[in-house]
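Chemist: Pasting in a structure now, in structure tokens, and then I'll have a few things to ask.
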Amino acid sequence: MSDRTISKAAEHAGVGVETIRFYERKGLIDQPLKPRGGGYRVYSTEAVERIRFIRQAQELGFSLREIDELLSLRADPDTDCADVQAQASAKLEEVERKIAQLRTIRSALKELIAACPKRGPAAGRCTILEALSPQQRRR
């Protein structure tokens, strides 16, 4: 079946109906025209594939703005693979920065947890709460 309603398109793309509507509002996919005689809008196989592409790119961490750029590159027959690789490389660098930041956070949390006496009243004595207080952070 090459054409389908929004619910069938969502099912085939592995997303919810609201996701498709969201993509339409963001301009990532075109909303099909409503038939003149009434009935439901129909989504083509190409639209479903575009939705899958968007979803896959999101799962790889691309923002909607970046996905829009990727879609433009995908639609341009003169696009060079180097342009796409540059986008992917920039995303990888961003992911690497986030991983480094998360490692720092993990280390700080481990130190806080290790310093916790694990017993006694928390008010005024909890080393974790003290470390998170604004007065403690200024020292």
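Order determines the names: the first chain of the structure tokens is A, the second B, and so forth; residues in each chain are numbered 1 upward, and ligands are numbered 1 upward as they are shown.
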Name all residues at most 10 Å from region 12-21 of chain A (count only C-alpha atoms; drop same-chain ones fewer than 2 positions away) and give them as a PyMOL selection string.

Modeler: chain A and resi 4-10+23-31+45+47-53+55

Chemist: Name the residues of region 63-123 of chain A that come out as helix (DSSP H, G or I) in a backbone DSSP run; write them as a PDB file with N, CA and C atoms, in the first residue's frame.

Modeler:
```pdb
ATOM      1  N   LEU A  64      16.450  18.943  15.944  1.00  0.00           N
ATOM      2  CA  LEU A  64      15.546  19.158  14.812  1.00  0.00           C
ATOM      3  C   LEU A  64      16.140  20.128  13.801  1.00  0.00           C
ATOM      4  N   ARG A  65      16.863  21.134  14.272  1.00  0.00           N
ATOM      5  CA  ARG A  65      17.527  22.068  13.357  1.00  0.00           C
ATOM      6  C   ARG A  65      18.572  21.332  12.524  1.00  0.00           C
ATOM      7  N   GLU A  66      19.349  20.485  13.174  1.00  0.00           N
ATOM      8  CA  GLU A  66      20.376  19.716  12.460  1.00  0.00           C
ATOM      9  C   GLU A  66      19.732  18.725  11.484  1.00  0.00           C
ATOM     10  N   ILE A  67      18.618  18.139  11.896  1.00  0.00           N
ATOM     11  CA  ILE A  67      17.906  17.208  11.019  1.00  0.00           C
ATOM     12  C   ILE A  67      17.386  17.939   9.791  1.00  0.00           C
ATOM     13  N   ASP A  68      16.893  19.141   9.990  1.00  0.00           N
ATOM     14  CA  ASP A  68      16.428  19.940   8.859  1.00  0.00           C
ATOM     15  C   ASP A  68      17.575  20.170   7.872  1.00  0.00           C
ATOM     16  N   GLU A  69      18.770  20.448   8.394  1.00  0.00           N
ATOM     17  CA  GLU A  69      19.946  20.625   7.538  1.00  0.00           C
ATOM     18  C   GLU A  69      20.290  19.325   6.809  1.00  0.00           C
ATOM     19  N   LEU A  70      20.212  18.194   7.525  1.00  0.00           N
ATOM     20  CA  LEU A  70      20.489  16.901   6.900  1.00  0.00           C
ATOM     21  C   LEU A  70      19.477  16.593   5.800  1.00  0.00           C
ATOM     22  N   LEU A  71      18.222  16.927   6.055  1.00  0.00           N
ATOM     23  CA  LEU A  71      17.184  16.703   5.046  1.00  0.00           C
ATOM     24  C   LEU A  71      17.449  17.549   3.803  1.00  0.00           C
ATOM     25  N   SER A  72      17.924  18.765   4.021  1.00  0.00           N
ATOM     26  CA  SER A  72      18.263  19.629   2.884  1.00  0.00           C
ATOM     27  C   SER A  72      19.429  19.040   2.090  1.00  0.00           C
ATOM     28  N   LEU A  73      20.424  18.549   2.807  1.00  0.00           N
ATOM     29  CA  LEU A  73      21.561  17.914   2.133  1.00  0.00           C
ATOM     30  C   LEU A  73      21.100  16.672   1.371  1.00  0.00           C
ATOM     31  N   ARG A  74      20.195  15.919   1.985  1.00  0.00           N
ATOM     32  CA  ARG A  74      19.683  14.689   1.365  1.00  0.00           C
ATOM     33  C   ARG A  74      18.904  14.994   0.077  1.00  0.00           C
ATOM     34  N   ALA A  75      18.200  16.108   0.070  1.00  0.00           N
ATOM     35  CA  ALA A  75      17.362  16.468  -1.084  1.00  0.00           C
ATOM     36  C   ALA A  75      18.160  17.105  -2.214  1.00  0.00           C
ATOM     37  N   CYS A  81      29.322  14.047  -0.137  1.00  0.00           N
ATOM     38  CA  CYS A  81      29.349  13.248   1.096  1.00  0.00           C
ATOM     39  C   CYS A  81      30.171  13.929   2.190  1.00  0.00           C
ATOM     40  N   ALA A  82      31.145  14.728   1.798  1.00  0.00           N
ATOM     41  CA  ALA A  82      31.976  15.437   2.784  1.00  0.00           C
ATOM     42  C   ALA A  82      31.128  16.390   3.623  1.00  0.00           C
ATOM     43  N   ASP A  83      30.084  16.970   3.011  1.00  0.00           N
ATOM     44  CA  ASP A  83      29.193  17.867   3.756  1.00  0.00           C
ATOM     45  C   ASP A  83      28.434  17.098   4.834  1.00  0.00           C
ATOM     46  N   VAL A  84      27.974  15.921   4.484  1.00  0.00           N
ATOM     47  CA  VAL A  84      27.246  15.083   5.439  1.00  0.00           C
ATOM     48  C   VAL A  84      28.199  14.589   6.522  1.00  0.00           C
ATOM     49  N   GLN A  85      29.396  14.210   6.104  1.00  0.00           N
ATOM     50  CA  GLN A  85      30.379  13.753   7.076  1.00  0.00           C
ATOM     51  C   GLN A  85      30.734  14.866   8.064  1.00  0.00           C
ATOM     52  N   ALA A  86      30.804  16.092   7.587  1.00  0.00           N
ATOM     53  CA  ALA A  86      31.097  17.225   8.470  1.00  0.00           C
ATOM     54  C   ALA A  86      30.009  17.367   9.526  1.00  0.00           C
ATOM     55  N   GLN A  87      28.755  17.188   9.132  1.00  0.00           N
ATOM     56  CA  GLN A  87      27.641  17.260  10.088  1.00  0.00           C
ATOM     57  C   GLN A  87      27.779  16.150  11.131  1.00  0.00           C
ATOM     58  N   ALA A  88      28.049  14.938  10.676  1.00  0.00           N
ATOM     59  CA  ALA A  88      28.184  13.802  11.590  1.00  0.00           C
ATOM     60  C   ALA A  88      29.395  13.972  12.507  1.00  0.00           C
ATOM     61  N   SER A  89      30.480  14.497  11.969  1.00  0.00           N
ATOM     62  CA  SER A  89      31.682  14.723  12.785  1.00  0.00           C
ATOM     63  C   SER A  89      31.430  15.767  13.860  1.00  0.00           C
ATOM     64  N   ALA A  90      30.715  16.819  13.512  1.00  0.00           N
ATOM     65  CA  ALA A  90      30.379  17.853  14.500  1.00  0.00           C
ATOM     66  C   ALA A  90      29.513  17.260  15.606  1.00  0.00           C
ATOM     67  N   LYS A  91      28.587  16.384  15.242  1.00  0.00           N
ATOM     68  CA  LYS A  91      27.740  15.738  16.239  1.00  0.00           C
ATOM     69  C   LYS A  91      28.568  14.831  17.137  1.00  0.00           C
ATOM     70  N   LEU A  92      29.503  14.103  16.556  1.00  0.00           N
ATOM     71  CA  LEU A  92      30.376  13.231  17.336  1.00  0.00           C
ATOM     72  C   LEU A  92      31.200  14.040  18.343  1.00  0.00           C
ATOM     73  N   GLU A  93      31.743  15.168  17.910  1.00  0.00           N
ATOM     74  CA  GLU A  93      32.502  16.031  18.829  1.00  0.00           C
ATOM     75  C   GLU A  93      31.625  16.498  19.989  1.00  0.00           C
ATOM     76  N   GLU A  94      30.390  16.856  19.688  1.00  0.00           N
ATOM     77  CA  GLU A  94      29.456  17.275  20.734  1.00  0.00           C
ATOM     78  C   GLU A  94      29.187  16.127  21.714  1.00  0.00           C
ATOM     79  N   VAL A  95      29.002  14.939  21.196  1.00  0.00           N
ATOM     80  CA  VAL A  95      28.768  13.766  22.046  1.00  0.00           C
ATOM     81  C   VAL A  95      29.981  13.497  22.925  1.00  0.00           C
ATOM     82  N   GLU A  96      31.176  13.608  22.351  1.00  0.00           N
ATOM     83  CA  GLU A  96      32.406  13.399  23.126  1.00  0.00           C
ATOM     84  C   GLU A  96      32.511  14.415  24.271  1.00  0.00           C
ATOM     85  N   ARG A  97      32.145  15.683  24.004  1.00  0.00           N
ATOM     86  CA  ARG A  97      32.164  16.706  25.067  1.00  0.00           C
ATOM     87  C   ARG A  97      31.177  16.354  26.168  1.00  0.00           C
ATOM     88  N   LYS A  98      29.986  15.906  25.772  1.00  0.00           N
ATOM     89  CA  LYS A  98      28.970  15.536  26.758  1.00  0.00           C
ATOM     90  C   LYS A  98      29.420  14.345  27.598  1.00  0.00           C
ATOM     91  N   ILE A  99      30.064  13.383  26.964  1.00  0.00           N
ATOM     92  CA  ILE A  99      30.568  12.214  27.701  1.00  0.00           C
ATOM     93  C   ILE A  99      31.604  12.655  28.732  1.00  0.00           C
ATOM     94  N   ALA A 100      32.510  13.544  28.338  1.00  0.00           N
ATOM     95  CA  ALA A 100      33.519  14.047  29.279  1.00  0.00           C
ATOM     96  C   ALA A 100      32.849  14.771  30.446  1.00  0.00           C
ATOM     97  N   GLN A 101      31.842  15.567  30.142  1.00  0.00           N
ATOM     98  CA  GLN A 101      31.107  16.279  31.187  1.00  0.00           C
ATOM     99  C   GLN A 101      30.404  15.292  32.115  1.00  0.00           C
ATOM    100  N   LEU A 102      29.792  14.260  31.562  1.00  0.00           N
ATOM    101  CA  LEU A 102      29.113  13.253  32.382  1.00  0.00           C
ATOM    102  C   LEU A 102      30.105  12.481  33.251  1.00  0.00           C
ATOM    103  N   ARG A 103      31.296  12.230  32.736  1.00  0.00           N
ATOM    104  CA  ARG A 103      32.324  11.550  33.546  1.00  0.00           C
ATOM    105  C   ARG A 103      32.721  12.415  34.740  1.00  0.00           C
ATOM    106  N   THR A 104      32.839  13.722  34.521  1.00  0.00           N
ATOM    107  CA  THR A 104      33.165  14.638  35.611  1.00  0.00           C
ATOM    108  C   THR A 104      32.050  14.636  36.657  1.00  0.00           C
ATOM    109  N   ILE A 105      30.823  14.672  36.198  1.00  0.00           N
ATOM    110  CA  ILE A 105      29.671  14.638  37.105  1.00  0.00           C
ATOM    111  C   ILE A 105      29.660  13.327  37.886  1.00  0.00           C
ATOM    112  N   ARG A 106      29.899  12.210  37.188  1.00  0.00           N
ATOM    113  CA  ARG A 106      29.923  10.903  37.852  1.00  0.00           C
ATOM    114  C   ARG A 106      30.981  10.876  38.947  1.00  0.00           C
ATOM    115  N   SER A 107      32.147  11.385  38.654  1.00  0.00           N
ATOM    116  CA  SER A 107      33.237  11.411  39.629  1.00  0.00           C
ATOM    117  C   SER A 107      32.864  12.248  40.849  1.00  0.00           C
ATOM    118  N   ALA A 108      32.271  13.423  40.609  1.00  0.00           N
ATOM    119  CA  ALA A 108      31.869  14.288  41.724  1.00  0.00           C
ATOM    120  C   ALA A 108      30.799  13.619  42.577  1.00  0.00           C
ATOM    121  N   LEU A 109      29.852  12.968  41.942  1.00  0.00           N
ATOM    122  CA  LEU A 109      28.800  12.275  42.694  1.00  0.00           C
ATOM    123  C   LEU A 109      29.369  11.116  43.507  1.00  0.00           C
ATOM    124  N   LYS A 110      30.304  10.379  42.942  1.00  0.00           N
ATOM    125  CA  LYS A 110      30.935   9.280  43.676  1.00  0.00           C
ATOM    126  C   LYS A 110      31.642   9.801  44.923  1.00  0.00           C
ATOM    127  N   GLU A 111      32.335  10.939  44.790  1.00  0.00           N
ATOM    128  CA  GLU A 111      33.018  11.534  45.943  1.00  0.00           C
ATOM    129  C   GLU A 111      32.021  11.955  47.019  1.00  0.00           C
ATOM    130  N   LEU A 112      30.921  12.578  46.593  1.00  0.00           N
ATOM    131  CA  LEU A 112      29.893  12.989  47.555  1.00  0.00           C
ATOM    132  C   LEU A 112      29.305  11.785  48.277  1.00  0.00           C
ATOM    133  N   ILE A 113      29.009  10.753  47.536  1.00  0.00           N
ATOM    134  CA  ILE A 113      28.413   9.552  48.125  1.00  0.00           C
ATOM    135  C   ILE A 113      29.392   8.873  49.071  1.00  0.00           C
ATOM    136  N   ALA A 114      30.649   8.811  48.683  1.00  0.00           N
ATOM    137  CA  ALA A 114      31.662   8.182  49.534  1.00  0.00           C
ATOM    138  C   ALA A 114      31.867   8.953  50.836  1.00  0.00           C
ATOM    139  N   ALA A 115      31.714  10.270  50.802  1.00  0.00           N
ATOM    140  CA  ALA A 115      31.912  11.094  51.998  1.00  0.00           C
ATOM    141  C   ALA A 115      30.693  11.090  52.914  1.00  0.00           C
TER     142      ALA A 115
END
```

Chemist: Report, in Å to a single decimal, how far apart CA of Arg41 (chain A) and CA of Phe62 (chain A) are.

Modeler: 28.7 Å

Chemist: Which residue out of A:Ile54, A:Leu33, A:Leu60, A:Ala131 has the minimum interatomic distance to Cys116 (chain A) when only C-alpha atoms are used?

Modeler: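 Distance minimum relative to Cys116 (chain A) lands on A:Ala131.
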